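Asks: To start, I am sharing the structure in question, which I have written as structure tokens.
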Amino acid sequence: MKVKVDSELCIACGACVSLVPEVYDWDDNGKAMALEDEVPADMEDEVKEALGSCPTEAIEEI
Ligand code: SF4
């Protein structure tokens, strides 16, 4: 799986970055972004949890 963040929807709450800093990070504009690489299989559950925790549904699986 891969995920991406819609920076227009991100309110920079930090939930995703706190939950899985290996996959979600801050971009230069202070919004969250996701690594473009394939999510390692052993991290998919955490990455999906973070997706579900986003208050603005800014994260989508691609
Ligand atoms: S959880 Fe959603 S709103 Fe919060 S920083 Fe991540 S993408 Fe942005």
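Residues in the structure tokens are numbered from 1 in each chain, the chains being A, B, ... in the order shown, and ligands are numbered from 1 in the order shown.
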Which of chain A counts as strand (DSSP E) under DSSP, as a PyMOL selection string please?
Replies: chain A and resi 3-5+24-26+32-34+59-61
Asks: Any chance you can output those residues with C-alpha atoms as an mmCIF file, in the first residue's frame?
Replies:
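As a result, result05.cif now contains:
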```
data_model
loop_
_atom_site.group_PDB
_atom_site.id
_atom_site.type_symbol
_atom_site.label_atom_id
_atom_site.label_comp_id
_atom_site.auth_asym_id
_atom_site.auth_seq_id
_atom_site.Cartn_x
_atom_site.Cartn_y
_atom_site.Cartn_z
ATOM 1 C CA VAL A 3 -0.695 6.681 1.175
ATOM 2 C CA LYS A 4 -0.790 10.346 0.376
ATOM 3 C CA VAL A 5 -1.867 13.455 2.247
ATOM 4 C CA TYR A 24 4.391 10.613 7.816
ATOM 5 C CA ASP A 25 6.486 13.747 8.099
ATOM 6 C CA TRP A 26 6.110 17.507 7.811
ATOM 7 C CA ALA A 32 1.875 16.532 6.797
ATOM 8 C CA MET A 33 3.137 14.471 3.896
ATOM 9 C CA ALA A 34 3.629 10.765 3.378
ATOM 10 C CA ILE A 59 -5.003 10.889 4.180
ATOM 11 C CA GLU A 60 -5.955 8.440 1.463
ATOM 12 C CA GLU A 61 -4.659 5.089 0.414
#
```
Asks: Listing only residues of chain A within 6 Å of ligand 1, what is the closest atom pair and its distance in Å (to one decimal) for each, using only C-alpha atoms and all ligand atoms, sorted by chain and residue number ascending, as CSV?
Replies:
```
residue,atom,partner,partner_atom_place_in_ligand_line,distance
A:Val5,CA,ligand 1,7 (S),5.6
A:Cys10,CA,ligand 1,8 (Fe),3.7
A:Ile11,CA,ligand 1,3 (S),4.3
A:Ala12,CA,ligand 1,5 (S),3.8
A:Cys13,CA,ligand 1,4 (Fe),3.9
A:Gly14,CA,ligand 1,5 (S),3.9
A:Ala15,CA,ligand 1,1 (S),4.3
A:Cys16,CA,ligand 1,6 (Fe),4.2
A:Ala32,CA,ligand 1,5 (S),4.9
A:Cys54,CA,ligand 1,1 (S),3.7
A:Pro55,CA,ligand 1,3 (S),5.8
A:Thr56,CA,ligand 1,3 (S),5.6
A:Ala58,CA,ligand 1,7 (S),5.1
A:Ile59,CA,ligand 1,7 (S),5.5
```
Asks: Would you mind listing what lies within 10 Å of Met43 of chain A as a list in words, with only C-alpha atoms counted and same-chain residues fewer than 3 positions away left out?
Replies: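 What passes the distance filter is Val20, Glu22, Val23, Val39, Pro40, Glu46, Val47 and Lys48 of chain A.
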Asks: Deliver the residues from the most recent selection as a file, using N, CA and C atoms, as a tab-separated table (two decimals), in the first residue's frame.
Replies:
```tsv
chain	number	residue	atom	x	y	z
A	20	VAL	N	3.10	7.44	13.25
A	20	VAL	CA	4.03	6.71	12.38
A	20	VAL	C	5.03	7.69	11.74
A	22	GLU	N	7.87	7.24	10.77
A	22	GLU	CA	8.66	6.63	9.68
A	22	GLU	C	8.00	6.85	8.32
A	23	VAL	N	6.70	7.10	8.32
A	23	VAL	CA	5.96	7.23	7.05
A	23	VAL	C	5.42	8.64	6.85
A	39	VAL	N	4.61	1.35	1.61
A	39	VAL	CA	4.68	1.19	3.07
A	39	VAL	C	5.13	-0.24	3.39
A	40	PRO	N	6.14	-0.38	4.25
A	40	PRO	CA	6.57	-1.73	4.63
A	40	PRO	C	5.39	-2.52	5.21
A	46	GLU	N	-0.34	0.30	11.40
A	46	GLU	CA	-0.16	1.62	12.02
A	46	GLU	C	-0.50	2.73	11.04
A	47	VAL	N	-0.09	2.53	9.80
A	47	VAL	CA	-0.35	3.56	8.79
A	47	VAL	C	-1.86	3.71	8.56
A	48	LYS	N	-2.58	2.58	8.57
A	48	LYS	CA	-4.04	2.65	8.39
A	48	LYS	C	-4.70	3.26	9.62
```
Asks: For the atom pair atom CA of Gly52 of chain A and atom CA of Asn29 of chain A, what is the interatomic distance in Å to one decimal place?
Replies: 22.9 Å
